[in-house]
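For reference, coords_29.txt (compact mmCIF, C-alpha atoms (C1' of nucleotides)):
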# COMPACT_ATOMS: atom_id res chain seq x y z
CA MET A 2 1.56 -4.90 6.22
CA LEU A 3 3.53 -4.40 3.06
CA THR A 4 6.08 -2.55 5.16
CA LEU A 5 9.76 -3.36 4.82
CA SER A 6 11.28 -4.40 8.12
CA LYS A 7 14.19 -2.44 9.56
CA ARG A 8 16.42 -5.41 8.86
CA VAL A 9 15.58 -5.34 5.16
CA GLU A 10 16.14 -1.59 5.07
CA TYR A 11 19.52 -2.02 6.71
CA GLY A 12 20.43 -4.72 4.24
CA LEU A 13 19.45 -2.53 1.31
CA MET A 14 21.45 0.41 2.63
CA ALA A 15 24.47 -1.82 3.04
CA ILE A 16 24.12 -3.25 -0.43
CA LEU A 17 23.80 0.18 -2.00
CA HIS A 18 26.80 1.31 -0.01
CA MET A 19 28.92 -1.61 -1.13
CA SER A 20 27.98 -1.02 -4.72
CA ASP A 21 29.50 2.46 -4.41
CA VAL A 22 32.82 1.23 -3.15
CA ARG A 23 35.67 0.24 -5.46
CA ALA A 24 34.84 -3.26 -6.66
CA GLY A 25 36.65 -5.88 -4.63
CA ASP A 26 37.19 -3.73 -1.53
CA TRP A 27 36.09 -5.18 1.77
CA VAL A 28 33.76 -3.05 3.88
CA THR A 29 33.18 -3.76 7.55
CA ALA A 30 29.76 -3.90 9.18
CA LYS A 31 31.04 -1.52 11.83
CA ASP A 32 31.94 1.12 9.25
CA MET A 33 28.54 0.96 7.63
CA ALA A 34 26.75 0.89 10.97
CA GLU A 35 28.51 4.08 12.04
CA ARG A 36 27.97 5.85 8.76
CA TYR A 37 24.24 5.13 8.65
CA ASN A 38 23.63 5.12 12.39
CA ILE A 39 22.55 1.48 12.50
CA PRO A 40 23.04 -0.69 15.61
CA GLY A 41 26.26 -2.55 14.88
CA GLU A 42 25.40 -6.04 16.08
CA LEU A 43 22.11 -5.94 14.23
CA LEU A 44 23.70 -4.95 10.94
CA GLY A 45 26.19 -7.73 11.55
CA LYS A 46 23.41 -10.27 11.65
CA VAL A 47 21.78 -8.86 8.56
CA MET A 48 25.08 -9.05 6.70
CA GLN A 49 25.53 -12.63 7.82
CA ALA A 50 22.14 -13.47 6.41
CA LEU A 51 23.01 -11.82 3.10
CA ALA A 52 26.24 -13.82 3.07
CA ARG A 53 24.46 -17.11 3.73
CA ALA A 54 22.22 -16.35 0.76
CA GLY A 55 25.27 -15.72 -1.43
CA LEU A 56 24.44 -12.09 -2.18
CA VAL A 57 27.62 -10.88 -0.49
CA SER A 58 30.93 -12.50 0.37
CA SER A 59 32.49 -12.23 3.78
CA THR A 60 35.95 -12.70 5.15
CA PRO A 61 36.84 -12.75 8.82
CA GLY A 62 39.98 -11.45 10.36
CA VAL A 63 41.57 -8.11 10.91
CA ARG A 64 41.34 -6.78 7.35
CA GLY A 65 38.06 -8.55 6.71
CA GLY A 66 34.57 -7.39 5.93
CA TYR A 67 31.96 -7.82 3.24
CA ARG A 68 31.68 -7.14 -0.46
CA LEU A 69 29.04 -7.61 -3.11
CA ASN A 70 28.96 -10.99 -4.75
CA VAL A 71 26.48 -10.05 -7.47
CA PRO A 72 26.30 -6.80 -9.40
CA LEU A 73 23.54 -4.46 -8.28
CA ASP A 74 21.54 -4.75 -11.46
CA ARG A 75 21.34 -8.50 -11.04
CA MET A 76 19.98 -8.27 -7.51
CA ASN A 77 16.31 -7.90 -6.80
CA LEU A 78 14.18 -6.87 -3.86
CA GLY A 79 12.65 -10.31 -3.40
CA ALA A 80 16.04 -11.95 -3.04
CA VAL A 81 17.08 -9.47 -0.36
CA ILE A 82 13.85 -9.88 1.59
CA GLU A 83 14.06 -13.65 1.48
CA ALA A 84 17.72 -13.61 2.42
CA VAL A 85 17.10 -11.45 5.47
CA GLU A 86 13.69 -12.64 6.68
CA GLY A 87 13.23 -16.05 5.13
CA PRO A 88 10.50 -17.03 2.69
CA VAL A 89 7.78 -14.49 2.01
CA LEU A 90 4.33 -15.57 3.17
CA LEU A 91 1.16 -13.78 2.13
CA ALA A 92 -0.77 -15.32 5.01
CA ASP A 93 0.76 -17.02 7.98
CA CYS A 94 -1.52 -19.97 7.46
CA GLN A 95 0.98 -20.76 4.71
CA GLY A 96 3.66 -21.18 7.33
CA HIS A 97 1.66 -22.39 10.33
CA PRO A 98 -1.51 -24.03 9.01
CA ASP A 99 -2.05 -25.51 12.49
CA ARG A 100 -2.41 -22.14 14.23
CA CYS A 101 -5.27 -20.99 12.03
CA ASP A 102 -8.64 -20.81 13.75
CA GLN A 103 -10.44 -20.76 10.43
CA PHE A 104 -8.98 -24.05 9.16
CA HIS A 105 -11.64 -25.80 7.11
CA ALA A 106 -14.05 -22.88 7.02
CA CYS A 107 -11.40 -20.76 5.30
CA THR A 108 -12.37 -19.60 1.83
CA LEU A 109 -9.04 -17.92 1.16
CA LYS A 110 -6.57 -20.78 1.16
CA GLU A 111 -6.42 -21.47 -2.54
CA PRO A 112 -6.84 -17.94 -3.87
CA ILE A 113 -4.14 -16.79 -1.47
CA GLN A 114 -1.70 -19.27 -2.92
CA HIS A 115 -2.46 -17.91 -6.35
CA ILE A 116 -1.97 -14.27 -5.38
CA HIS A 117 1.07 -15.23 -3.34
CA ALA A 118 2.78 -16.73 -6.37
CA GLN A 119 2.08 -13.56 -8.36
CA LEU A 120 3.43 -11.35 -5.64
CA VAL A 121 6.62 -13.34 -5.20
CA ARG A 122 7.24 -13.11 -8.92
CA TYR A 123 6.57 -9.39 -8.77
CA ILE A 124 9.05 -8.56 -6.04
CA HIS A 125 11.67 -10.69 -7.74
CA ASN A 126 11.29 -8.48 -10.76
CA ILE A 127 12.15 -5.32 -8.86
CA SER A 128 15.82 -4.83 -9.65
CA LEU A 129 17.93 -3.10 -7.06
CA SER A 130 19.20 -0.83 -9.80
CA GLN A 131 15.80 0.84 -9.42
CA PHE A 132 16.97 1.91 -5.98
CA ARG A 133 19.32 4.36 -7.54
CA ALA A 134 17.43 5.26 -10.63
CA PRO A 135 16.57 8.95 -11.07
CA PRO A 136 13.24 9.91 -9.47
CA ALA A 137 10.37 8.16 -11.16
CA LEU A 138 9.09 9.94 -14.24
CA GLU A 139 5.42 9.39 -13.70
CA THR A 140 3.28 9.54 -16.79
CA VAL A 141 0.66 12.10 -15.94
CA PRO A 142 -2.28 11.69 -18.30
CA MET B 12 6.48 -8.49 5.84
CA LEU B 13 4.20 -8.83 2.86
CA THR B 14 1.87 -10.79 5.10
CA LEU B 15 -1.81 -9.97 5.13
CA SER B 16 -3.01 -9.12 8.62
CA LYS B 17 -5.77 -11.16 10.23
CA ARG B 18 -8.05 -8.18 9.90
CA VAL B 19 -7.58 -8.03 6.14
CA GLU B 20 -8.14 -11.78 5.91
CA TYR B 21 -11.35 -11.44 7.88
CA GLY B 22 -12.48 -8.61 5.64
CA LEU B 23 -11.79 -10.64 2.52
CA MET B 24 -13.68 -13.65 3.86
CA ALA B 25 -16.64 -11.46 4.69
CA ILE B 26 -16.62 -9.83 1.26
CA LEU B 27 -16.45 -13.17 -0.50
CA HIS B 28 -19.25 -14.42 1.70
CA MET B 29 -21.48 -11.44 0.94
CA SER B 30 -20.88 -11.84 -2.76
CA ASP B 31 -22.36 -15.33 -2.47
CA VAL B 32 -25.57 -14.20 -0.85
CA ARG B 33 -28.62 -13.09 -2.82
CA ALA B 34 -27.89 -9.52 -3.91
CA GLY B 35 -29.51 -7.02 -1.56
CA ASP B 36 -29.74 -9.36 1.44
CA TRP B 37 -28.33 -8.07 4.69
CA VAL B 38 -25.82 -10.30 6.46
CA THR B 39 -24.88 -9.78 10.10
CA ALA B 40 -21.34 -9.70 11.40
CA LYS B 41 -22.35 -12.21 14.04
CA ASP B 42 -23.50 -14.72 11.41
CA MET B 43 -20.27 -14.47 9.49
CA ALA B 44 -18.17 -14.58 12.64
CA GLU B 45 -19.82 -17.82 13.71
CA ARG B 46 -19.61 -19.42 10.31
CA TYR B 47 -15.91 -18.68 9.88
CA ASN B 48 -14.92 -18.87 13.54
CA ILE B 49 -13.85 -15.26 13.74
CA PRO B 50 -14.04 -13.24 16.98
CA GLY B 51 -17.29 -11.36 16.66
CA GLU B 52 -16.30 -7.95 17.97
CA LEU B 53 -13.23 -7.93 15.81
CA LEU B 54 -15.12 -8.76 12.64
CA GLY B 55 -17.53 -6.03 13.61
CA LYS B 56 -14.75 -3.48 13.59
CA VAL B 57 -13.43 -4.72 10.29
CA MET B 58 -16.88 -4.43 8.77
CA GLN B 59 -17.22 -0.91 10.11
CA ALA B 60 -13.96 0.01 8.44
CA LEU B 61 -15.16 -1.46 5.15
CA ALA B 62 -18.37 0.53 5.53
CA ARG B 63 -16.52 3.79 6.19
CA ALA B 64 -14.57 3.17 2.99
CA GLY B 65 -17.80 2.66 1.08
CA LEU B 66 -17.09 -0.91 0.06
CA VAL B 67 -20.09 -2.21 1.96
CA SER B 68 -23.30 -0.65 3.20
CA SER B 69 -24.54 -1.12 6.73
CA THR B 70 -27.86 -0.73 8.42
CA PRO B 71 -28.44 -0.87 12.18
CA GLY B 72 -31.40 -2.29 13.92
CA VAL B 73 -32.89 -5.67 14.50
CA ARG B 74 -33.06 -6.75 10.85
CA GLY B 75 -29.84 -4.94 9.98
CA GLY B 76 -26.43 -6.07 8.80
CA TYR B 77 -24.08 -5.50 5.90
CA ARG B 78 -24.14 -5.99 2.17
CA LEU B 79 -21.78 -5.35 -0.71
CA ASN B 80 -21.84 -1.90 -2.14
CA VAL B 81 -19.63 -2.66 -5.11
CA PRO B 82 -19.63 -5.83 -7.23
CA LEU B 83 -16.78 -8.21 -6.50
CA ASP B 84 -15.08 -7.74 -9.85
CA ARG B 85 -14.83 -4.02 -9.23
CA MET B 86 -13.15 -4.42 -5.86
CA ASN B 87 -9.43 -4.82 -5.51
CA LEU B 88 -7.03 -6.01 -2.86
CA GLY B 89 -5.46 -2.59 -2.36
CA ALA B 90 -8.79 -1.00 -1.58
CA VAL B 91 -9.59 -3.61 1.05
CA ILE B 92 -6.17 -3.30 2.70
CA GLU B 93 -6.40 0.46 2.82
CA ALA B 94 -9.95 0.37 4.10
CA VAL B 95 -9.04 -1.96 6.95
CA GLU B 96 -5.53 -0.81 7.90
CA GLY B 97 -5.22 2.66 6.50
CA PRO B 98 -2.73 3.80 3.89
CA VAL B 99 -0.10 1.30 2.82
CA LEU B 100 3.46 2.32 3.70
CA LEU B 101 6.51 0.59 2.28
CA ALA B 102 8.71 1.99 5.05
CA ASP B 103 7.49 3.55 8.24
CA CYS B 104 9.73 6.51 7.64
CA GLN B 105 6.98 7.43 5.19
CA GLY B 106 4.56 7.72 8.08
CA HIS B 107 6.84 8.75 10.96
CA PRO B 108 9.87 10.47 9.43
CA ASP B 109 10.73 11.78 12.90
CA ARG B 110 11.24 8.34 14.44
CA CYS B 111 13.90 7.29 11.92
CA ASP B 112 17.40 7.01 13.32
CA GLN B 113 18.87 7.16 9.85
CA PHE B 114 17.33 10.53 8.93
CA HIS B 115 19.74 12.38 6.67
CA ALA B 116 22.15 9.48 6.22
CA CYS B 117 19.34 7.44 4.65
CA THR B 118 19.98 6.45 1.04
CA LEU B 119 16.60 4.80 0.61
CA LYS B 120 14.13 7.66 0.98
CA GLU B 121 13.66 8.55 -2.66
CA PRO B 122 13.93 5.10 -4.20
CA ILE B 123 11.47 3.82 -1.63
CA GLN B 124 8.92 6.37 -2.70
CA HIS B 125 9.35 5.21 -6.25
CA ILE B 126 8.93 1.52 -5.45
CA HIS B 127 6.09 2.36 -3.10
CA ALA B 128 4.12 4.02 -5.85
CA GLN B 129 4.62 0.98 -8.08
CA LEU B 130 3.51 -1.41 -5.37
CA VAL B 131 0.40 0.55 -4.52
CA ARG B 132 -0.58 0.54 -8.18
CA TYR B 133 0.11 -3.18 -8.30
CA ILE B 134 -2.13 -4.17 -5.40
CA HIS B 135 -4.88 -1.96 -6.74
CA ASN B 136 -4.79 -4.01 -9.91
CA ILE B 137 -5.48 -7.28 -8.12
CA SER B 138 -9.20 -7.72 -8.58
CA LEU B 139 -11.06 -9.62 -5.89
CA SER B 140 -12.58 -11.72 -8.62
CA GLN B 141 -9.18 -13.41 -8.66
CA PHE B 142 -10.01 -14.66 -5.20
CA ARG B 143 -12.51 -17.03 -6.64
CA ALA B 144 -10.93 -17.71 -9.99
CA PRO B 145 -10.09 -21.34 -10.79
CA PRO B 146 -6.61 -22.38 -9.64
CA ALA B 147 -3.93 -20.39 -11.42
CA LEU B 148 -3.01 -21.77 -14.80
CA GLU B 149 0.70 -21.12 -14.62
CA THR B 150 2.43 -20.69 -17.95
CA VAL B 151 5.30 -23.12 -17.73
CA PRO B 152 7.93 -22.19 -20.31
C1' DT C 15 50.42 -13.39 19.87
C1' DC C 16 47.02 -10.03 19.90
C1' DA C 17 43.74 -6.85 17.96
C1' DA C 18 40.05 -6.68 14.73
C1' DA C 19 36.93 -8.73 12.14
C1' DG C 20 32.92 -12.14 11.16
C1' DG C 21 29.52 -16.02 13.20
C1' DC C 22 26.10 -17.37 16.33
C1' DG C 23 22.73 -18.15 20.07
C1' DA C 24 20.10 -16.40 23.85
C1' DC C 25 17.64 -12.87 25.84
C1' DA C 26 15.41 -8.24 27.19
C1' DG C 27 12.78 -4.30 25.66
C1' DA C 28 9.69 -2.10 22.43
C1' DA C 29 6.19 -1.98 19.24
C1' DT C 30 2.47 -3.87 16.88
C1' DT C 31 -1.38 -6.78 16.34
C1' DT C 32 -5.12 -9.25 18.06
C1' DG C 33 -8.82 -9.90 20.87
C1' DT C 34 -12.11 -8.26 24.77
C1' DC C 35 -15.17 -5.32 27.27
C1' DG C 36 -18.46 -1.84 28.16
C1' DG C 37 -21.25 1.41 26.77
C1' DG C 38 -23.65 3.95 23.32
C1' DT C 39 -27.41 4.55 19.07
C1' DT C 40 -30.70 2.90 15.65
C1' DT C 41 -34.30 -0.06 13.97
C1' DC C 42 -38.05 -3.27 13.89
C1' DG C 43 -41.77 -5.84 15.62
C1' DA C 44 -44.61 -7.70 19.36
C1' DT D 17 -44.13 1.75 23.63
C1' DC D 18 -40.71 -1.00 24.84
C1' DG D 19 -37.24 -4.35 24.31
C1' DA D 20 -34.31 -7.30 21.55
C1' DA D 21 -30.95 -7.21 18.00
C1' DA D 22 -28.09 -5.07 15.31
C1' DC D 23 -24.34 -1.50 14.15
C1' DC D 24 -20.85 1.97 16.24
C1' DC D 25 -16.89 3.24 18.91
C1' DG D 26 -13.23 3.94 22.33
C1' DA D 27 -10.28 1.97 25.75
C1' DC D 28 -7.78 -1.70 27.42
C1' DA D 29 -5.49 -6.46 28.03
C1' DA D 30 -3.08 -10.27 25.96
C1' DA D 31 -0.24 -12.23 22.55
C1' DT D 32 2.96 -11.98 19.11
C1' DT D 33 6.59 -10.13 16.53
C1' DC D 34 10.37 -7.09 15.79
C1' DT D 35 14.37 -4.71 17.37
C1' DG D 36 18.31 -4.27 19.75
C1' DT D 37 21.94 -6.09 23.18
C1' DC D 38 25.24 -9.23 25.22
C1' DG D 39 28.60 -12.76 25.52
C1' DC D 40 31.47 -15.95 23.61
C1' DC D 41 33.66 -18.25 19.77
C1' DT D 42 36.57 -18.59 15.37
C1' DT D 43 39.44 -16.61 11.83
C1' DT D 44 42.88 -13.57 9.94
C1' DG D 45 46.91 -10.67 9.40
C1' DA D 46 50.47 -7.69 11.12

Representation of the structure as structure tokens:
Amino acid sequence: MLTLSKRVEYGLMAILHMSDVRAGDWVTAKDMAERYNIPGELLGKVMQALARAGLVSSTPGVRGGYRLNVPLDRMNLGAVIEAVEGPVLLADCQGHPDRCDQFHACTLKEPIQHIHAQLVRYIHNISLSQFRAPPALETVP
Amino acid sequence: MLTLSKRVEYGLMAILHMSDVRAGDWVTAKDMAERYNIPGELLGKVMQALARAGLVSSTPGVRGGYRLNVPLDRMNLGAVIEAVEGPVLLADCQGHPDRCDQFHACTLKEPIQHIHAQLVRYIHNISLSQFRAPPALETVP
DNA sequence: TCAAAGGCGACAGAATTTGTCGGGTTTCGA
DNA sequence: TCGAAACCCGACAAATTCTGTCGCCTTTGA
């Protein structure tokens, strides 16, 4: 709960990596997989998902690879999560209302939709540039 | 990802239920399980976790049960999640750094701690009174 | 024309979550 | 005083989800 999946982590690592490379250069999934010790085929799938969502561009062929399609500071955590895992659901009754044993007795349905909307907005406001900001300067009272 | 577990849902339903009952009345896990169609033993464990965290009081014995220990508007979502599932982790490398195949190559460690701290603060600011607020009045620009 | 790359679907293994069972301990009331 | 009803707790089985692997296809460029 509230834990990023491996796939999202891999996607974030790849995105950060690509943002370090000379703009316009193509980077292969294999390269990144080796560098970060990520299973190659899995990173491939994650990259394909990011490409489908338009966050990165891809080109096949022998000199192919991936590159960022959007500058880092215009990407956000919510977009990456949704690209890699599909829509965020706060409760799975939002996705599979049929498989919920609490159906009509449930007192959470409506409030969950409310909180869900807040949370989605929240994660879409977390810019990926925060992922390379200097360590948080916590305000200690 | 970002999905509330069944156990947290059950805990929330129980808390909302108890906040509806005359203050000071004891409610049994069995009663709530039947009313909301929740497996009894499971709800029992969830209630025990809430009790250990001090959110509810419990009393054994034939006229025993549970009751709220803290008024609804002073409870928050983060406290319930942590009571039921233990500490929130944004990445499981925070809990099991050993089992992370990316160890030193990982570029996410520090930023994740930063975002994690933000997120924990965020969910602790979601008051449970929001779970029975009227439907969200979205500000449409 | 061939090696190297992305694209995709199906599947096995691992891990987590959910639910069940059995046995305790405490309390109240008949 | 004794038993029913409740909380308490650990261990285990079942179900689900997540992770990782494999095979085959298409595209590109030297």

Given a cut-off of 10 Å, which residues of chain A touch chain D, counting only C-alpha atoms (C1' of nucleotides), written out as an NGL selection string?
-> :A and (6-8 or 40-43 or 60-65)

How would chain B read as a JSON list (two decimals) with C-alpha atoms, in the coordinates of the input after a least-squares superposition onto chain A over every Cα atom, matched in order?
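Resulting contents of result02.json:
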[["chain", "number", "residue", "atom", "x", "y", "z"],
["B", 12, "MET", "CA", 1.57, -4.88, 6.26],
["B", 13, "LEU", "CA", 3.56, -4.35, 3.10],
["B", 14, "THR", "CA", 6.10, -2.53, 5.23],
["B", 15, "LEU", "CA", 9.76, -3.34, 4.85],
["B", 16, "SER", "CA", 11.29, -4.41, 8.15],
["B", 17, "LYS", "CA", 14.20, -2.47, 9.62],
["B", 18, "ARG", "CA", 16.42, -5.42, 8.88],
["B", 19, "VAL", "CA", 15.59, -5.33, 5.18],
["B", 20, "GLU", "CA", 16.15, -1.57, 5.14],
["B", 21, "TYR", "CA", 19.53, -2.03, 6.76],
["B", 22, "GLY", "CA", 20.43, -4.71, 4.25],
["B", 23, "LEU", "CA", 19.45, -2.49, 1.35],
["B", 24, "MET", "CA", 21.47, 0.43, 2.68],
["B", 25, "ALA", "CA", 24.49, -1.80, 3.09],
["B", 26, "ILE", "CA", 24.13, -3.22, -0.42],
["B", 27, "LEU", "CA", 23.81, 0.23, -1.94],
["B", 28, "HIS", "CA", 26.81, 1.34, 0.05],
["B", 29, "MET", "CA", 28.95, -1.58, -1.10],
["B", 30, "SER", "CA", 28.00, -0.95, -4.70],
["B", 31, "ASP", "CA", 29.51, 2.52, -4.33],
["B", 32, "VAL", "CA", 32.86, 1.29, -3.10],
["B", 33, "ARG", "CA", 35.70, 0.31, -5.42],
["B", 34, "ALA", "CA", 34.85, -3.18, -6.66],
["B", 35, "GLY", "CA", 36.68, -5.82, -4.64],
["B", 36, "ASP", "CA", 37.21, -3.68, -1.53],
["B", 37, "TRP", "CA", 36.11, -5.17, 1.75],
["B", 38, "VAL", "CA", 33.79, -3.06, 3.89],
["B", 39, "THR", "CA", 33.20, -3.81, 7.57],
["B", 40, "ALA", "CA", 29.80, -3.98, 9.19],
["B", 41, "LYS", "CA", 31.07, -1.63, 11.87],
["B", 42, "ASP", "CA", 31.98, 1.04, 9.31],
["B", 43, "MET", "CA", 28.58, 0.90, 7.70],
["B", 44, "ALA", "CA", 26.79, 0.81, 11.03],
["B", 45, "GLU", "CA", 28.55, 3.98, 12.14],
["B", 46, "ARG", "CA", 28.02, 5.79, 8.88],
["B", 47, "TYR", "CA", 24.29, 5.07, 8.77],
["B", 48, "ASN", "CA", 23.66, 5.03, 12.51],
["B", 49, "ILE", "CA", 22.60, 1.42, 12.58],
["B", 50, "PRO", "CA", 23.09, -0.80, 15.66],
["B", 51, "GLY", "CA", 26.28, -2.66, 14.91],
["B", 52, "GLU", "CA", 25.41, -6.14, 16.09],
["B", 53, "LEU", "CA", 22.14, -6.03, 14.24],
["B", 54, "LEU", "CA", 23.73, -5.00, 10.96],
["B", 55, "GLY", "CA", 26.20, -7.78, 11.52],
["B", 56, "LYS", "CA", 23.42, -10.33, 11.61],
["B", 57, "VAL", "CA", 21.80, -8.89, 8.54],
["B", 58, "MET", "CA", 25.09, -9.08, 6.68],
["B", 59, "GLN", "CA", 25.54, -12.67, 7.75],
["B", 60, "ALA", "CA", 22.13, -13.49, 6.35],
["B", 61, "LEU", "CA", 23.01, -11.82, 3.06],
["B", 62, "ALA", "CA", 26.24, -13.82, 3.00],
["B", 63, "ARG", "CA", 24.44, -17.12, 3.63],
["B", 64, "ALA", "CA", 22.20, -16.30, 0.68],
["B", 65, "GLY", "CA", 25.23, -15.67, -1.50],
["B", 66, "LEU", "CA", 24.44, -12.04, -2.22],
["B", 67, "VAL", "CA", 27.62, -10.86, -0.54],
["B", 68, "SER", "CA", 30.93, -12.49, 0.29],
["B", 69, "SER", "CA", 32.50, -12.24, 3.71],
["B", 70, "THR", "CA", 35.97, -12.73, 5.04],
["B", 71, "PRO", "CA", 36.90, -12.83, 8.73],
["B", 72, "GLY", "CA", 40.02, -11.51, 10.26],
["B", 73, "VAL", "CA", 41.58, -8.17, 10.91],
["B", 74, "ARG", "CA", 41.40, -6.87, 7.34],
["B", 75, "GLY", "CA", 38.11, -8.62, 6.67],
["B", 76, "GLY", "CA", 34.60, -7.43, 5.89],
["B", 77, "TYR", "CA", 31.98, -7.82, 3.20],
["B", 78, "ARG", "CA", 31.69, -7.09, -0.48],
["B", 79, "LEU", "CA", 29.06, -7.55, -3.15],
["B", 80, "ASN", "CA", 28.97, -10.91, -4.80],
["B", 81, "VAL", "CA", 26.48, -9.97, -7.49],
["B", 82, "PRO", "CA", 26.30, -6.67, -9.39],
["B", 83, "LEU", "CA", 23.54, -4.34, -8.25],
["B", 84, "ASP", "CA", 21.52, -4.61, -11.44],
["B", 85, "ARG", "CA", 21.32, -8.36, -11.03],
["B", 86, "MET", "CA", 19.97, -8.17, -7.50],
["B", 87, "ASN", "CA", 16.30, -7.80, -6.77],
["B", 88, "LEU", "CA", 14.17, -6.78, -3.83],
["B", 89, "GLY", "CA", 12.64, -10.23, -3.40],
["B", 90, "ALA", "CA", 16.03, -11.86, -3.04],
["B", 91, "VAL", "CA", 17.09, -9.42, -0.34],
["B", 92, "ILE", "CA", 13.84, -9.84, 1.60],
["B", 93, "GLU", "CA", 14.06, -13.60, 1.46],
["B", 94, "ALA", "CA", 17.72, -13.58, 2.40],
["B", 95, "VAL", "CA", 17.10, -11.44, 5.47],
["B", 96, "GLU", "CA", 13.69, -12.65, 6.67],
["B", 97, "GLY", "CA", 13.23, -16.03, 5.10],
["B", 98, "PRO", "CA", 10.50, -17.00, 2.67],
["B", 99, "VAL", "CA", 7.79, -14.45, 2.02],
["B", 100, "LEU", "CA", 4.32, -15.53, 3.17],
["B", 101, "LEU", "CA", 1.16, -13.71, 2.16],
["B", 102, "ALA", "CA", -0.77, -15.29, 5.03],
["B", 103, "ASP", "CA", 0.74, -17.04, 7.99],
["B", 104, "CYS", "CA", -1.56, -19.96, 7.42],
["B", 105, "GLN", "CA", 0.94, -20.72, 4.67],
["B", 106, "GLY", "CA", 3.62, -21.19, 7.29],
["B", 107, "HIS", "CA", 1.63, -22.40, 10.30],
["B", 108, "PRO", "CA", -1.54, -24.03, 8.97],
["B", 109, "ASP", "CA", -2.07, -25.56, 12.41],
["B", 110, "ARG", "CA", -2.42, -22.22, 14.21],
["B", 111, "CYS", "CA", -5.30, -21.02, 12.03],
["B", 112, "ASP", "CA", -8.65, -20.83, 13.77],
["B", 113, "GLN", "CA", -10.45, -20.77, 10.45],
["B", 114, "PHE", "CA", -9.02, -24.07, 9.18],
["B", 115, "HIS", "CA", -11.64, -25.78, 7.05],
["B", 116, "ALA", "CA", -14.07, -22.86, 7.02],
["B", 117, "CYS", "CA", -11.42, -20.72, 5.32],
["B", 118, "THR", "CA", -12.39, -19.50, 1.85],
["B", 119, "LEU", "CA", -9.06, -17.83, 1.21],
["B", 120, "LYS", "CA", -6.58, -20.70, 1.16],
["B", 121, "GLU", "CA", -6.47, -21.36, -2.56],
["B", 122, "PRO", "CA", -6.87, -17.82, -3.85],
["B", 123, "ILE", "CA", -4.17, -16.70, -1.45],
["B", 124, "GLN", "CA", -1.74, -19.17, -2.92],
["B", 125, "HIS", "CA", -2.51, -17.79, -6.33],
["B", 126, "ILE", "CA", -1.99, -14.16, -5.35],
["B", 127, "HIS", "CA", 1.05, -15.14, -3.34],
["B", 128, "ALA", "CA", 2.74, -16.62, -6.36],
["B", 129, "GLN", "CA", 2.05, -13.45, -8.34],
["B", 130, "LEU", "CA", 3.42, -11.23, -5.60],
["B", 131, "VAL", "CA", 6.59, -13.24, -5.18],
["B", 132, "ARG", "CA", 7.21, -13.00, -8.91],
["B", 133, "TYR", "CA", 6.53, -9.28, -8.73],
["B", 134, "ILE", "CA", 9.04, -8.47, -6.00],
["B", 135, "HIS", "CA", 11.64, -10.58, -7.73],
["B", 136, "ASN", "CA", 11.26, -8.34, -10.75],
["B", 137, "ILE", "CA", 12.13, -5.19, -8.83],
["B", 138, "SER", "CA", 15.79, -4.71, -9.62],
["B", 139, "LEU", "CA", 17.91, -2.98, -7.00],
["B", 140, "SER", "CA", 19.17, -0.71, -9.73],
["B", 141, "GLN", "CA", 15.79, 0.97, -9.34],
["B", 142, "PHE", "CA", 16.96, 2.00, -5.90],
["B", 143, "ARG", "CA", 19.32, 4.46, -7.42],
["B", 144, "ALA", "CA", 17.43, 5.35, -10.56],
["B", 145, "PRO", "CA", 16.53, 9.02, -11.04],
["B", 146, "PRO", "CA", 13.18, 9.98, -9.50],
["B", 147, "ALA", "CA", 10.33, 8.10, -11.14],
["B", 148, "LEU", "CA", 9.10, 9.69, -14.32],
["B", 149, "GLU", "CA", 5.42, 9.02, -13.83],
["B", 150, "THR", "CA", 3.38, 8.80, -16.99],
["B", 151, "VAL", "CA", 0.55, 11.21, -16.35],
["B", 152, "PRO", "CA", -2.32, 10.44, -18.72]]

Wanna dump the chain C-chain A contacts at 6 Å for me, each residue with its shortest atom pair and the distance in Å to one decimal, counting all atoms listed in the file, ordered by chain and number, as JSON lines?
{"residue": "C:DA18", "atom": "C1'", "partner": "A:Val63", "partner_atom": "CA", "distance": 4.4}
{"residue": "C:DA19", "atom": "C1'", "partner": "A:Gly62", "partner_atom": "CA", "distance": 4.5}
{"residue": "C:DG20", "atom": "C1'", "partner": "A:Pro61", "partner_atom": "CA", "distance": 4.6}

Dump as a tab-separated table the rows for residues of chain B within 6 Å of chain A: closest atom pair and distance in Å with one decimal, all atoms listed in the file counted, ordered by chain and rising residue number.
residue	atom	partner	partner_atom	distance
B:Met12	CA	A:Leu3	CA	5.8
B:Leu13	CA	A:Leu3	CA	4.5
B:Thr14	CA	A:Leu91	CA	4.3
B:Leu15	CA	A:Ala92	CA	5.5
B:Tyr47	CA	A:Ala106	CA	5.4
B:Asn48	CA	A:Gln103	CA	5.8
B:Leu100	CA	A:Thr4	CA	5.7
B:Leu101	CA	A:Thr4	CA	4.3
B:Ala102	CA	A:Thr4	CA	5.2
B:Gln113	CA	A:Asn38	CA	5.8
B:Ala116	CA	A:Tyr37	CA	5.4
B:Pro122	CA	A:Phe132	CA	4.8
B:His125	CA	A:Ala137	CA	5.8
B:Phe142	CA	A:Pro112	CA	4.8
B:Ala147	CA	A:His115	CA	5.8

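Proximity of B:Cys104, B:Ala90, B:Ala34, B:Leu83 to Leu61 of chain B, computed with all atoms listed in the file, is greatest for B:Ala90.
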
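Across the structure, atom C1' of DG21 of chain C and atom CA of Ser20 of chain A are spaced 23.4 Å apart.
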
Atom CA of Val67 of chain B to atom CA of Leu79 of chain B, straight-line distance in Å | 4.5 Å

Could you put an axis-aligned box around every listed atom of segment 34-38 of chain A, padded by 8 Å on each side, and send me its centre and edge lengths in Å to one decimal, as AutoDock Vina command-line options?
--center_x 26.1 --center_y 3.4 --center_z 10.5 --size_x 20.9 --size_y 21.0 --size_z 19.7
